[in-house]
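So this block is model_21.cif, mmCIF, C-alpha atoms:
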data_run
#
loop_
_atom_site.label_atom_id
_atom_site.label_comp_id
_atom_site.auth_asym_id
_atom_site.auth_seq_id
_atom_site.Cartn_x
_atom_site.Cartn_y
_atom_site.Cartn_z
CA MET A 3 19.92 -22.34 -18.60
CA ASP A 4 17.51 -24.58 -20.47
CA PRO A 5 17.01 -23.09 -23.96
CA ILE A 6 13.24 -23.62 -23.72
CA ILE A 7 13.07 -21.34 -20.70
CA ILE A 8 15.07 -18.67 -22.46
CA SER A 9 13.12 -18.85 -25.69
CA SER A 10 9.71 -18.94 -24.01
CA THR A 11 10.56 -16.00 -21.77
CA PHE A 12 11.88 -14.12 -24.76
CA TRP A 13 8.97 -14.77 -27.03
CA ILE A 14 6.12 -14.31 -24.57
CA GLY A 15 7.85 -11.36 -23.00
CA GLY A 16 8.40 -10.01 -26.48
CA VAL A 17 4.76 -10.39 -27.42
CA GLY A 18 3.75 -8.69 -24.19
CA LEU A 19 6.10 -5.82 -24.87
CA VAL A 20 4.96 -5.43 -28.47
CA SER A 21 1.30 -5.50 -27.42
CA ALA A 22 1.96 -2.92 -24.73
CA ILE A 23 3.70 -0.62 -27.19
CA ALA A 24 0.96 -1.12 -29.77
CA LEU A 25 -1.71 -0.28 -27.21
CA ALA A 26 0.19 2.75 -25.95
CA VAL A 27 0.61 4.05 -29.49
CA ALA A 28 -3.03 3.38 -30.29
CA ASP A 29 -4.05 5.12 -27.11
CA LYS A 30 -1.91 8.14 -27.92
CA PHE A 31 -3.06 8.61 -31.48
CA LEU A 32 -6.42 6.99 -31.73
CA THR A 33 -8.37 7.79 -28.57
CA VAL A 34 -11.46 9.90 -28.82
CA PRO A 35 -12.07 12.39 -25.97
CA GLU A 36 -15.04 11.60 -23.75
CA ASP A 37 -17.05 13.35 -21.08
CA PRO A 38 -14.71 13.40 -18.05
CA LEU A 39 -17.64 12.93 -15.69
CA ILE A 40 -18.11 9.42 -17.05
CA ALA A 41 -14.52 8.62 -16.13
CA LYS A 42 -15.05 10.04 -12.64
CA VAL A 43 -18.14 7.92 -12.10
CA THR A 44 -16.32 4.88 -13.47
CA GLU A 45 -13.73 5.39 -10.76
CA CYS A 46 -16.42 4.96 -8.10
CA LEU A 47 -17.30 1.60 -9.55
CA PRO A 48 -15.32 -1.56 -8.86
CA GLY A 49 -14.24 -2.16 -12.47
CA ALA A 50 -15.01 -5.86 -12.27
CA ASN A 51 -17.37 -5.67 -15.26
CA CYS A 52 -19.55 -8.37 -13.81
CA GLY A 53 -22.66 -7.07 -15.55
CA GLY A 54 -24.69 -7.47 -12.38
CA CYS A 55 -26.14 -3.98 -12.76
CA GLY A 56 -27.75 -5.09 -16.00
CA PHE A 57 -25.44 -2.93 -18.09
CA ALA A 58 -22.51 -4.22 -20.06
CA GLY A 59 -19.66 -3.45 -17.72
CA CYS A 60 -18.74 -0.62 -15.37
CA ALA A 61 -17.95 1.90 -18.09
CA ASP A 62 -21.36 1.36 -19.66
CA TYR A 63 -23.09 1.77 -16.32
CA ALA A 64 -21.15 4.99 -15.72
CA ARG A 65 -22.17 6.27 -19.13
CA ALA A 66 -25.79 5.35 -18.44
CA ILE A 67 -25.67 7.18 -15.13
CA VAL A 68 -24.27 10.35 -16.67
CA LYS A 69 -26.13 10.36 -19.99
CA GLU A 70 -29.34 8.44 -19.36
CA ASP A 71 -30.09 9.12 -15.70
CA ALA A 72 -29.74 5.48 -14.66
CA GLU A 73 -30.26 4.74 -10.99
CA LEU A 74 -27.21 5.04 -8.78
CA ASN A 75 -27.73 1.96 -6.67
CA LEU A 76 -27.55 -0.90 -9.16
CA CYS A 77 -24.00 -1.92 -8.35
CA ALA A 78 -24.08 -4.64 -5.70
CA PRO A 79 -20.30 -4.86 -5.07
CA VAL A 80 -20.00 -1.23 -3.96
CA GLY A 81 -23.41 -1.11 -2.35
CA SER A 82 -24.87 2.02 -0.79
CA ALA A 83 -21.45 3.49 -0.04
CA GLY A 84 -20.66 3.43 -3.74
CA ALA A 85 -24.05 4.87 -4.61
CA ARG A 86 -23.35 7.76 -2.24
CA ALA A 87 -19.93 8.29 -3.80
CA ILE A 88 -21.48 8.48 -7.25
CA GLY A 89 -24.11 10.87 -5.97
CA ALA A 90 -21.32 13.01 -4.59
CA VAL A 91 -19.54 13.02 -7.95
CA LEU A 92 -22.65 13.93 -9.88
CA GLY A 93 -25.12 16.12 -8.17
CA ARG A 94 -23.35 17.54 -5.22
CA ASP A 95 -20.47 19.90 -5.36
CA PRO A 96 -18.41 19.35 -2.20
CA GLY A 97 -17.24 22.96 -2.39
CA THR A 98 -20.61 24.44 -1.53
CA GLY A 99 -21.29 21.83 1.17
CA ALA A 100 -24.69 20.75 -0.19
CA GLU A 101 -26.32 18.44 2.26
CA ARG A 102 -27.14 14.85 2.30
CA LYS A 103 -30.83 14.05 2.36
CA VAL A 104 -32.47 10.88 3.57
CA ALA A 105 -35.98 9.52 3.42
CA LEU A 106 -38.37 9.98 6.34
CA VAL A 107 -41.82 8.47 6.81
CA LEU A 108 -44.02 11.27 8.15
CA CYS A 109 -46.26 9.12 10.30
CA CYS A 110 -45.99 7.78 13.82
CA GLY A 111 -49.43 6.20 14.07
CA ASP A 112 -48.37 2.60 14.77
CA PHE A 113 -50.71 -0.22 15.76
CA THR A 114 -50.64 0.82 19.41
CA GLU A 115 -51.94 4.29 18.64
CA ALA A 116 -53.83 4.35 15.37
CA LEU A 117 -57.26 2.79 14.85
CA ARG A 118 -58.21 0.56 11.96
CA ARG A 119 -61.65 1.25 10.60
CA SER A 120 -62.09 -1.94 8.57
CA TYR A 121 -60.61 -5.33 8.04
CA TYR A 122 -58.66 -5.52 4.78
CA ASN A 123 -57.89 -8.92 3.36
CA GLY A 124 -56.61 -8.10 -0.09
CA ILE A 125 -53.24 -7.89 -1.81
CA ALA A 126 -50.67 -6.85 0.76
CA GLU A 127 -49.50 -3.74 -1.08
CA CYS A 128 -50.15 -0.21 0.07
CA SER A 129 -51.37 0.90 -3.34
CA ALA A 130 -53.90 -1.95 -3.39
CA ALA A 131 -55.12 -1.12 0.11
CA GLN A 132 -55.37 2.54 -0.79
CA ALA A 133 -57.36 1.70 -3.91
CA THR A 134 -59.87 -0.29 -1.85
CA ALA A 135 -62.10 2.42 -0.40
CA GLY A 136 -59.15 4.48 0.74
CA GLY A 137 -57.44 1.88 2.91
CA ASP A 138 -58.23 0.25 6.23
CA LYS A 139 -56.67 2.81 8.53
CA GLY A 140 -58.82 5.21 10.51
CA CYS A 141 -56.62 8.10 9.48
CA THR A 142 -56.86 8.60 5.74
CA TYR A 143 -53.41 10.20 5.62
CA GLY A 144 -51.29 7.79 7.66
CA CYS A 145 -49.01 4.90 6.89
CA LEU A 146 -50.94 1.80 5.90
CA GLY A 147 -48.15 -0.55 6.90
CA TYR A 148 -48.29 -3.03 4.01
CA ALA A 149 -44.58 -2.49 3.42
CA SER A 150 -44.54 -1.55 -0.25
CA CYS A 151 -41.80 0.95 0.50
CA VAL A 152 -39.90 -1.65 2.52
CA ARG A 153 -39.80 -3.88 -0.54
CA SER A 154 -38.92 -1.04 -2.89
CA CYS A 155 -35.79 -0.06 -0.97
CA PRO A 156 -32.72 -1.39 -2.81
CA VAL A 157 -30.56 -1.32 0.31
CA GLN A 158 -33.20 -2.48 2.81
CA ALA A 159 -33.03 0.74 4.77
CA ILE A 160 -36.75 0.69 5.62
CA ARG A 161 -38.36 -1.67 8.10
CA LEU A 162 -41.80 -2.09 9.56
CA GLU A 163 -41.83 -1.12 13.23
CA LYS A 164 -45.06 -1.70 15.12
CA GLY A 165 -46.97 -1.77 11.87
CA ILE A 166 -45.65 1.39 10.22
CA ALA A 167 -42.64 1.98 8.04
CA LYS A 168 -39.46 3.42 9.50
CA VAL A 169 -36.35 4.46 7.61
CA ASN A 170 -32.90 3.77 9.01
CA LYS A 171 -31.32 7.01 7.89
CA LYS A 172 -27.78 5.69 8.14
CA LEU A 173 -28.48 3.17 5.38
CA CYS A 174 -30.54 5.41 3.13
CA ILE A 175 -28.93 6.27 -0.20
CA SER A 176 -31.52 8.86 -1.23
CA CYS A 177 -32.56 7.06 -4.37
CA ALA A 178 -36.17 8.17 -3.67
CA LYS A 179 -37.70 4.86 -4.76
CA CYS A 180 -39.74 4.76 -1.56
CA VAL A 181 -40.95 8.30 -2.17
CA ALA A 182 -42.35 7.18 -5.50
CA THR A 183 -43.80 3.95 -4.11
CA CYS A 184 -45.87 5.36 -1.26
CA PRO A 185 -49.44 5.88 -2.52
CA ARG A 186 -50.12 8.41 0.23
CA LYS A 187 -46.94 10.38 -0.48
CA LEU A 188 -45.94 10.10 3.17
CA ILE A 189 -42.23 9.76 2.59
CA LYS A 190 -40.18 12.87 2.11
CA LEU A 191 -36.49 13.51 1.65
CA VAL A 192 -35.24 15.52 4.60
CA PRO A 193 -31.72 16.67 5.54
CA PHE A 194 -29.69 13.94 7.23
CA LYS A 195 -28.60 16.32 9.95
CA ALA A 196 -32.15 17.31 10.94
CA GLU A 197 -33.16 15.53 14.14
CA ILE A 198 -36.54 16.90 15.20
CA HIS A 199 -39.46 16.16 12.92
CA VAL A 200 -43.22 16.38 12.89
CA LEU A 201 -44.15 12.79 12.18
CA CYS A 202 -47.65 13.34 10.92
CA SER A 203 -49.26 14.08 7.59
CA SER A 204 -52.86 14.36 8.67
CA GLN A 205 -54.65 17.43 7.40
CA ASP A 206 -57.76 16.67 9.47
CA LYS A 207 -58.93 18.94 12.28
CA GLY A 208 -57.80 18.20 15.85
CA PRO A 209 -60.98 16.44 17.13
CA VAL A 210 -61.12 14.25 13.99
CA VAL A 211 -57.47 13.27 14.39
CA LYS A 212 -57.97 12.43 18.05
CA LYS A 213 -60.74 9.97 17.17
CA VAL A 214 -58.55 7.89 14.87
CA CYS A 215 -55.03 8.26 16.22
CA GLY A 216 -53.38 8.83 19.58
CA THR A 217 -50.30 10.51 18.09
CA GLY A 218 -51.54 12.81 15.38
CA CYS A 219 -50.98 16.49 14.75
CA LEU A 220 -53.93 18.48 16.16
CA GLY A 221 -53.03 21.78 14.55
CA CYS A 222 -52.87 23.47 17.94
CA LYS A 223 -49.86 25.63 17.03
CA ILE A 224 -48.09 25.19 20.38
CA CYS A 225 -44.98 24.11 18.45
CA THR A 226 -44.87 27.31 16.44
CA LYS A 227 -44.57 29.29 19.68
CA LEU A 228 -41.63 27.18 20.78
CA ALA A 229 -39.88 26.84 17.46
CA GLY A 230 -40.29 30.28 16.00
CA ASP A 231 -40.31 30.20 12.24
CA ALA A 232 -38.81 26.72 11.96
CA ILE A 233 -42.28 25.16 12.15
CA ILE A 234 -45.20 26.38 10.09
CA VAL A 235 -48.77 25.23 10.57
CA ASP A 236 -50.43 24.75 7.19
CA GLY A 237 -54.18 24.34 7.75
CA PHE A 238 -54.22 21.83 10.60
CA LEU A 239 -50.84 20.24 10.02
CA ALA A 240 -47.51 21.38 11.39
CA LYS A 241 -44.60 21.22 9.01
CA VAL A 242 -40.92 21.70 9.72
CA ASP A 243 -39.04 24.18 7.57
CA TYR A 244 -35.69 22.42 7.28
CA SER A 245 -33.88 25.46 6.01
CA LYS A 246 -34.25 27.00 9.48
CA GLU A 247 -32.51 25.84 12.62
CA LEU A 248 -34.53 23.67 14.93
CA ASN A 249 -33.08 22.32 18.13
CA ASN A 250 -35.56 22.92 20.93
CA PRO A 251 -36.00 19.60 22.77
CA ASP A 252 -39.03 20.94 24.65
CA LEU A 253 -40.98 20.49 21.44
CA ILE A 254 -41.01 16.76 21.97
CA THR A 255 -42.53 16.91 25.43
CA LYS A 256 -44.82 19.87 24.84
CA CYS A 257 -46.61 18.61 21.72
CA PRO A 258 -50.15 17.55 22.79
CA GLY A 259 -50.42 15.21 19.83
CA LYS A 260 -47.10 13.58 20.72
CA CYS A 261 -46.17 13.58 17.06
CA ILE A 262 -42.96 15.59 17.25
CA ARG A 263 -40.21 13.05 17.54
CA LEU A 264 -36.51 12.54 17.12
CA ALA A 265 -35.55 10.68 13.95
CA MET B 12 -21.17 -30.09 -46.27
CA GLU B 13 -18.46 -30.55 -43.72
CA TYR B 14 -18.69 -26.87 -42.90
CA LEU B 15 -22.44 -27.09 -42.47
CA MET B 16 -21.91 -29.92 -39.99
CA LEU B 17 -19.39 -27.73 -38.19
CA LEU B 18 -21.92 -24.91 -37.98
CA VAL B 19 -24.73 -27.11 -36.69
CA SER B 20 -22.40 -28.76 -34.22
CA ALA B 21 -21.10 -25.51 -32.78
CA ILE B 22 -24.45 -23.72 -32.66
CA LEU B 23 -26.85 -26.44 -31.56
CA VAL B 24 -25.27 -29.72 -30.57
CA ASN B 25 -22.32 -28.43 -28.57
CA ASN B 26 -23.64 -25.00 -27.75
CA PHE B 27 -20.94 -23.06 -25.96
CA VAL B 28 -23.10 -21.81 -23.14
CA LEU B 29 -25.61 -24.60 -22.71
CA SER B 30 -23.51 -27.67 -23.43
CA ARG B 31 -19.95 -26.62 -22.74
CA PHE B 32 -20.82 -24.16 -19.96
CA LEU B 33 -18.44 -21.46 -21.13
CA GLY B 34 -19.26 -17.77 -21.05
CA ILE B 35 -21.91 -18.10 -18.34
CA CYS B 36 -20.97 -14.80 -16.72
CA PRO B 37 -22.37 -12.50 -19.41
CA PHE B 38 -25.10 -15.08 -20.02
CA LEU B 39 -26.51 -14.30 -16.58
CA GLY B 40 -25.35 -10.71 -16.33
CA VAL B 41 -26.36 -9.22 -19.66
CA SER B 42 -29.63 -11.08 -20.14
CA LYS B 43 -32.01 -8.63 -18.56
CA SER B 44 -33.23 -6.91 -21.70
CA ILE B 45 -33.30 -7.84 -25.36
CA PRO B 46 -31.57 -4.71 -26.77
CA THR B 47 -28.66 -5.15 -24.33
CA ALA B 48 -28.46 -8.85 -25.17
CA MET B 49 -28.39 -8.10 -28.88
CA GLY B 50 -25.56 -5.64 -28.42
CA MET B 51 -23.64 -8.15 -26.37
CA SER B 52 -24.23 -10.87 -28.97
CA GLY B 53 -22.91 -8.65 -31.74
CA ALA B 54 -19.80 -7.81 -29.76
CA VAL B 55 -19.15 -11.46 -28.87
CA ILE B 56 -19.46 -12.56 -32.51
CA PHE B 57 -17.11 -9.80 -33.60
CA VAL B 58 -14.47 -10.53 -30.95
CA ILE B 59 -14.51 -14.33 -31.10
CA THR B 60 -14.27 -14.45 -34.89
CA ILE B 61 -11.27 -12.12 -34.93
CA ALA B 62 -9.74 -13.81 -31.90
CA SER B 63 -9.91 -17.26 -33.49
CA ALA B 64 -8.11 -15.95 -36.56
CA VAL B 65 -5.41 -14.21 -34.56
CA THR B 66 -4.82 -17.05 -32.11
CA TRP B 67 -4.59 -19.52 -34.97
CA ALA B 68 -1.92 -17.40 -36.61
CA PHE B 69 -0.19 -16.97 -33.28
CA GLN B 70 -0.14 -20.70 -32.67
CA LYS B 71 1.09 -21.49 -36.19
CA TYR B 72 3.84 -18.90 -36.48
CA LEU B 73 5.02 -18.28 -32.94
CA LEU B 74 4.19 -21.07 -30.52
CA GLU B 75 4.69 -24.19 -32.64
CA PRO B 76 7.98 -23.25 -34.27
CA PHE B 77 9.54 -22.74 -30.85
CA GLY B 78 7.89 -25.71 -29.20
CA LEU B 79 6.01 -23.47 -26.79
CA ASP B 80 2.54 -24.63 -27.71
CA LYS B 81 2.46 -27.51 -25.27
CA PHE B 82 2.71 -25.50 -22.11
CA LEU B 83 2.40 -21.80 -22.89
CA GLN B 84 -0.76 -21.94 -24.95
CA THR B 85 -3.17 -20.74 -22.29
CA LEU B 86 -0.90 -17.93 -21.12
CA ALA B 87 -0.05 -16.75 -24.61
CA PHE B 88 -3.65 -16.90 -25.78
CA ILE B 89 -4.92 -14.87 -22.84
CA LEU B 90 -2.22 -12.29 -23.49
CA VAL B 91 -3.06 -12.05 -27.16
CA ILE B 92 -6.83 -12.00 -26.65
CA ALA B 93 -6.72 -9.31 -23.97
CA ALA B 94 -4.42 -7.08 -26.02
CA LEU B 95 -6.50 -7.74 -29.13
CA VAL B 96 -9.78 -6.78 -27.49
CA GLN B 97 -8.29 -3.58 -26.12
CA LEU B 98 -6.93 -2.73 -29.55
CA ILE B 99 -10.30 -3.48 -31.17
CA ASP B 100 -11.93 -1.17 -28.64
CA ILE B 101 -9.61 1.73 -29.42
CA VAL B 102 -9.66 1.23 -33.19
CA MET B 103 -13.43 0.83 -33.27
CA LYS B 104 -13.96 3.97 -31.26
CA ARG B 105 -11.79 5.94 -33.63
CA PHE B 106 -12.84 4.56 -36.99
CA ALA B 107 -16.37 3.30 -36.52
CA PRO B 108 -18.13 5.34 -33.81
CA PRO B 109 -21.63 4.05 -34.60
CA LEU B 110 -20.38 0.49 -34.31
CA HIS B 111 -18.64 1.39 -31.09
CA ALA B 112 -21.80 2.98 -29.75
CA ALA B 113 -23.66 -0.24 -30.43
CA LEU B 114 -21.08 -2.85 -29.43
CA GLY B 115 -18.10 -1.16 -27.88
CA ILE B 116 -19.45 -0.92 -24.38
CA TYR B 117 -19.59 -4.69 -24.11
CA LEU B 118 -15.96 -5.17 -25.08
CA PRO B 119 -14.48 -4.84 -21.56
CA LEU B 120 -16.92 -7.52 -20.49
CA ILE B 121 -15.63 -9.94 -23.10
CA THR B 122 -11.93 -9.37 -22.57
CA THR B 123 -11.38 -12.31 -20.26
CA ASN B 124 -14.55 -14.18 -21.01
CA CYS B 125 -13.71 -17.87 -20.96
CA ALA B 126 -15.75 -18.50 -24.09
CA VAL B 127 -13.18 -16.60 -26.16
CA LEU B 128 -10.29 -18.60 -24.74
CA GLY B 129 -12.40 -21.75 -25.00
CA VAL B 130 -12.93 -21.27 -28.73
CA ALA B 131 -9.23 -20.72 -29.29
CA VAL B 132 -8.18 -23.75 -27.26
CA ILE B 133 -10.80 -26.05 -28.78
CA ASN B 134 -9.73 -24.95 -32.25
CA MET B 135 -6.19 -26.00 -31.44
CA LYS B 136 -7.31 -29.26 -29.89
CA ASP B 137 -9.34 -30.18 -32.97
CA GLY B 138 -6.42 -29.25 -35.19
CA ASN B 139 -8.48 -26.98 -37.42
CA GLY B 140 -7.00 -25.14 -40.37
CA PHE B 141 -7.35 -21.38 -40.71
CA ILE B 142 -10.71 -21.25 -42.52
CA LYS B 143 -12.17 -23.91 -40.27
CA SER B 144 -10.93 -22.11 -37.15
CA VAL B 145 -12.53 -18.84 -38.13
CA LEU B 146 -15.73 -20.57 -39.15
CA PHE B 147 -15.83 -22.50 -35.90
CA GLY B 148 -15.27 -19.29 -33.95
CA PHE B 149 -18.05 -17.59 -35.85
CA ALA B 150 -20.43 -20.50 -35.32
CA ALA B 151 -19.58 -20.81 -31.64
CA SER B 152 -20.31 -17.15 -31.05
CA VAL B 153 -23.55 -17.37 -33.03
CA GLY B 154 -24.48 -20.27 -30.75
CA PHE B 155 -23.70 -18.08 -27.74
CA ALA B 156 -25.84 -15.30 -29.17
CA PHE B 157 -28.65 -17.76 -29.85
CA ALA B 158 -28.63 -19.08 -26.29
CA LEU B 159 -28.31 -15.58 -24.85
CA LEU B 160 -31.27 -14.22 -26.80
CA ILE B 161 -33.49 -17.17 -25.91
CA PHE B 162 -32.57 -16.85 -22.26
CA THR B 163 -33.13 -13.09 -22.26
CA GLY B 164 -36.58 -13.55 -23.75
CA LEU B 165 -37.40 -16.13 -21.08
CA ARG B 166 -36.02 -13.99 -18.30
CA GLU B 167 -38.07 -10.97 -19.30
CA LYS B 168 -41.22 -13.08 -19.05
CA ILE B 169 -40.20 -14.74 -15.80
CA ASP B 170 -39.71 -11.40 -14.09
CA ARG B 171 -43.40 -10.74 -14.58
CA ALA B 172 -44.63 -14.23 -13.70
CA ASP B 173 -44.33 -13.76 -9.92
CA PRO B 174 -42.45 -16.86 -8.77
CA PRO B 175 -42.44 -17.88 -5.07
CA ARG B 176 -40.41 -15.53 -2.91
CA CYS B 177 -37.52 -17.96 -2.37
CA PHE B 178 -37.06 -18.22 -6.14
CA LYS B 179 -37.34 -14.57 -7.08
CA GLY B 180 -34.51 -12.97 -8.99
CA VAL B 181 -31.38 -14.94 -9.82
CA ALA B 182 -32.63 -18.23 -8.36
CA ILE B 183 -35.39 -18.78 -10.89
CA SER B 184 -33.07 -17.60 -13.66
CA LEU B 185 -30.52 -20.24 -12.78
CA VAL B 186 -33.19 -22.95 -12.67
CA THR B 187 -34.41 -21.77 -16.08
CA ALA B 188 -30.87 -21.84 -17.47
CA GLY B 189 -30.53 -25.43 -16.29
CA LEU B 190 -33.80 -26.41 -17.94
CA LEU B 191 -32.76 -24.65 -21.15
CA SER B 192 -29.50 -26.59 -21.08
CA LEU B 193 -31.50 -29.81 -20.66
CA ALA B 194 -33.64 -28.85 -23.62
CA PHE B 195 -30.57 -28.35 -25.80
CA MET B 196 -29.44 -31.85 -24.94
CA GLY B 197 -32.18 -32.91 -27.30
CA PHE B 198 -29.85 -32.00 -30.16
CA SER B 199 -27.18 -34.48 -29.16
CA GLY B 200 -26.56 -37.15 -31.75
CA LEU B 201 -27.65 -34.81 -34.55
CA VAL B 202 -24.10 -34.56 -35.80
CA LYS B 203 -21.63 -37.36 -35.36
#
Encoding of this model in structure tokens:
Amino acid sequence: MDPIIISSTFWIGGVGLVSAIALAVADKFLTVPEDPLIAKVTECLPGANCGGCGFAGCADYARAIVKEDAELNLCAPVGSAGARAIGAVLGRDPGTGAERKVALVLCCGDFTEALRRSYYNGIAECSAAQATAGGDKGCTYGCLGYASCVRSCPVQAIRLEKGIAKVNKKLCISCAKCVATCPRKLIKLVPFKAEIHVLCSSQDKGPVVKKVCGTGCLGCKICTKLAGDAIIVDGFLAKVDYSKELNNPDLITKCPGKCIRLA
Amino acid sequence: MEYLMLLVSAILVNNFVLSRFLGICPFLGVSKSIPTAMGMSGAVIFVITIASAVTWAFQKYLLEPFGLDKFLQTLAFILVIAALVQLIDIVMKRFAPPLHAALGIYLPLITTNCAVLGVAVINMKDGNGFIKSVLFGFAASVGFAFALLIFTGLREKIDRADPPRCFKGVAISLVTAGLLSLAFMGFSGLVK
């Protein structure tokens, strides 16, 4: 065999072997123990160290998640599935079966049902509309539809449908950015498994609600009779208690305000 | 004087990021905030300086004597650099925890950064001696740090300047990087 081939294989192989031994020895005697949670979170990350999250590599991002409460959804390569995996590692213990929560916009007053009381021609952000004399919607509690939450969602799980925001719960990673963005605090985190919801946040009395929206909660309490203690009426607004079981489909047809929906 | 020329050449005239287009990955990835960029710069300077010394020694005492430098240079250098960075990481963590807290997290990001290999290869191509190699490595990494910090400062401002929607995010950053590179062309001819 050509001597060059032998010598190059020998020397490069030798260097590789020596480096490997040196690293193994260094690892054995010189490593400093570290929070094991960081290692677990690092495993959920791709390990490509692309820096796309804005941190210096996957290990740094993992450390920032565990020690500095960094957001879970900054890693583009693993996307929302990875963010969920990290969430599972951190906050939820699979042993106790803690549930997954997703965002829900508690309003169903779209442009076919809800009245506008003024014409707003300002900055197309919900906070700006809200700051301008309380917004242009007849109902002072409902979704203004300027899509601030849509833009805040890192995985594009929210879309505008008929002028109001709607969350696609399959895509939601529960980062709660939309919850923070909504100036009317309409978005809540509800259990993923829950299917029946009261999609209204209006605390106005029934006749007032009827004037401004065709699908608002009237506070009539018919739902409480059908749902038992799973729905509580607080003032003039029905609220679902998600810790109780709720699976009566009659609720949807029997609600006079037509605001109990499947989501 | 010759060394001053070397410094100016590596930092300004032939800036590693903006003229040679090496090490662009961390340039775009770790340029979102100044503290992060400063940490990254420190780590890059540390690694490249040591790597240029080690690869020079490697070339002189292992590759050349056996005639392997013509064709195994890239492979051998990558091997050495990767092992070296890992070793630096472990040693730093054990013996200099504050330094590791500041710089260590960027080390995995630099392991296969082409700027490190680029410095080593260019050193060999220019036939630099040991002192010159280390100095060149140091200057090249300072140039990288310089470009990175300028770009980070720009990027922080751009994020708030509200560009048109089609340019938001990485797009405007890339355009800015190109313009910055054009600006640095103004230094050409400064050093022969």
Report task. Do me a favour and pick out the residues of chain B within 8 Å of chain A, using only C-alpha atoms, as a PyMOL selection string. Result -> chain B and resi 36-37+40-43+47+51+73+77-79+83+87+90-91+94+97-98+101-102+104-105+116-117+119-120
Report task. Could you state which residues are captured by the PyMOL selection byres ((chain B and resi 139-152) around 10) in this file, as a PyMOL selection string? Result -> chain B and resi 13-15+17-23+25-28+52-68+71+126-127+129-131+133-138+153-158
Query raised in the report: Using the chain letters and numbers from the file, which residues does the PyMOL selection byres ((chain A and resi 83) around 12) grab, as a list in words?
Result: Cys46, Leu47, Pro48, Leu74, Asn75, Leu76, Cys77, Ala78, Pro79, Val80, Gly81, Ser82, Gly84, Ala85, Arg86, Ala87, Ile88, Gly89, Ala90, Val157, Lys172, Leu173, Cys174, Ile175 and Ser176 of chain A
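If only C-alpha atoms are the atoms counted, then among A:Arg153, A:Val242, A:Val91, A:Ile189 the closest residue to Arg176 of chain B is A:Arg153.
Compared by their closest atoms to Met12 of chain B, and using only C-alpha atoms, the residues B:Ala182, B:Ile169, B:Ile121, B:Val202 rank with B:Val202 nearest.
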Report summary line: Min atom-atom distance to Leu264 of chain A from the set A:Lys103, A:His199, A:Lys246, A:Lys171, counting only C-alpha atoms, belongs to A:His199
Requested in this report: Taking the file as shown, find all residues satisfying the PyMOL selection byres ((chain A and resi 207) around 9) and write them as a ChimeraX atom specification.
Outcome: /A:204-206,208-212,219-221,237-239
Query - Answer as an MDAnalysis selection string, residues within 10 Å of (-56.1, 5.7, 2.2) using only C-alpha atoms - result: chainID A and resid 128:146 185:186
Query raised in the report: Could you work out how far atom CA of Gly50 of chain B lies from atom CA of Ile183 of chain B, giving the answer in Å with one decimal?
Result: 24.0 Å
**Report entry** Separation of atom CA of Cys110 of chain A from atom CA of Leu228 of chain A, in Å and rounded to one decimal
**Finding:** 21.1 Å
N, CA and C atoms are what I want for segment 197-207 of chain A; can you complete it accordingly and write them as a short mmCIF file (atom, residue, chain, number, x, y, z; two decimals), in the frame of the given file?
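Ended up saving to out-v4.cif:
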data_model
loop_
_atom_site.label_atom_id
_atom_site.label_comp_id
_atom_site.auth_asym_id
_atom_site.auth_seq_id
_atom_site.Cartn_x
_atom_site.Cartn_y
_atom_site.Cartn_z
N GLU A 197 -32.84 16.57 13.17
CA GLU A 197 -33.16 15.53 14.14
C GLU A 197 -34.59 15.57 14.64
N ILE A 198 -35.18 16.78 14.68
CA ILE A 198 -36.54 16.90 15.20
C ILE A 198 -37.49 17.01 14.02
N HIS A 199 -38.51 16.16 14.03
CA HIS A 199 -39.46 16.16 12.92
C HIS A 199 -40.88 16.07 13.42
N VAL A 200 -41.80 16.56 12.59
CA VAL A 200 -43.22 16.38 12.89
C VAL A 200 -43.66 15.14 12.12
N LEU A 201 -43.85 14.04 12.86
CA LEU A 201 -44.15 12.79 12.18
C LEU A 201 -45.64 12.61 12.00
N CYS A 202 -46.23 13.49 11.21
CA CYS A 202 -47.65 13.34 10.92
C CYS A 202 -47.95 14.04 9.62
N SER A 203 -48.87 13.46 8.86
CA SER A 203 -49.26 14.08 7.59
C SER A 203 -50.75 14.33 7.54
N SER A 204 -51.40 14.26 8.69
CA SER A 204 -52.86 14.36 8.67
C SER A 204 -53.32 15.80 8.55
N GLN A 205 -54.15 16.06 7.56
CA GLN A 205 -54.65 17.43 7.40
C GLN A 205 -56.02 17.60 8.04
N ASP A 206 -56.46 16.58 8.80
CA ASP A 206 -57.76 16.67 9.47
C ASP A 206 -57.68 17.60 10.67
N LYS A 207 -58.87 18.10 11.09
CA LYS A 207 -58.93 18.94 12.28
C LYS A 207 -58.62 18.13 13.52
#
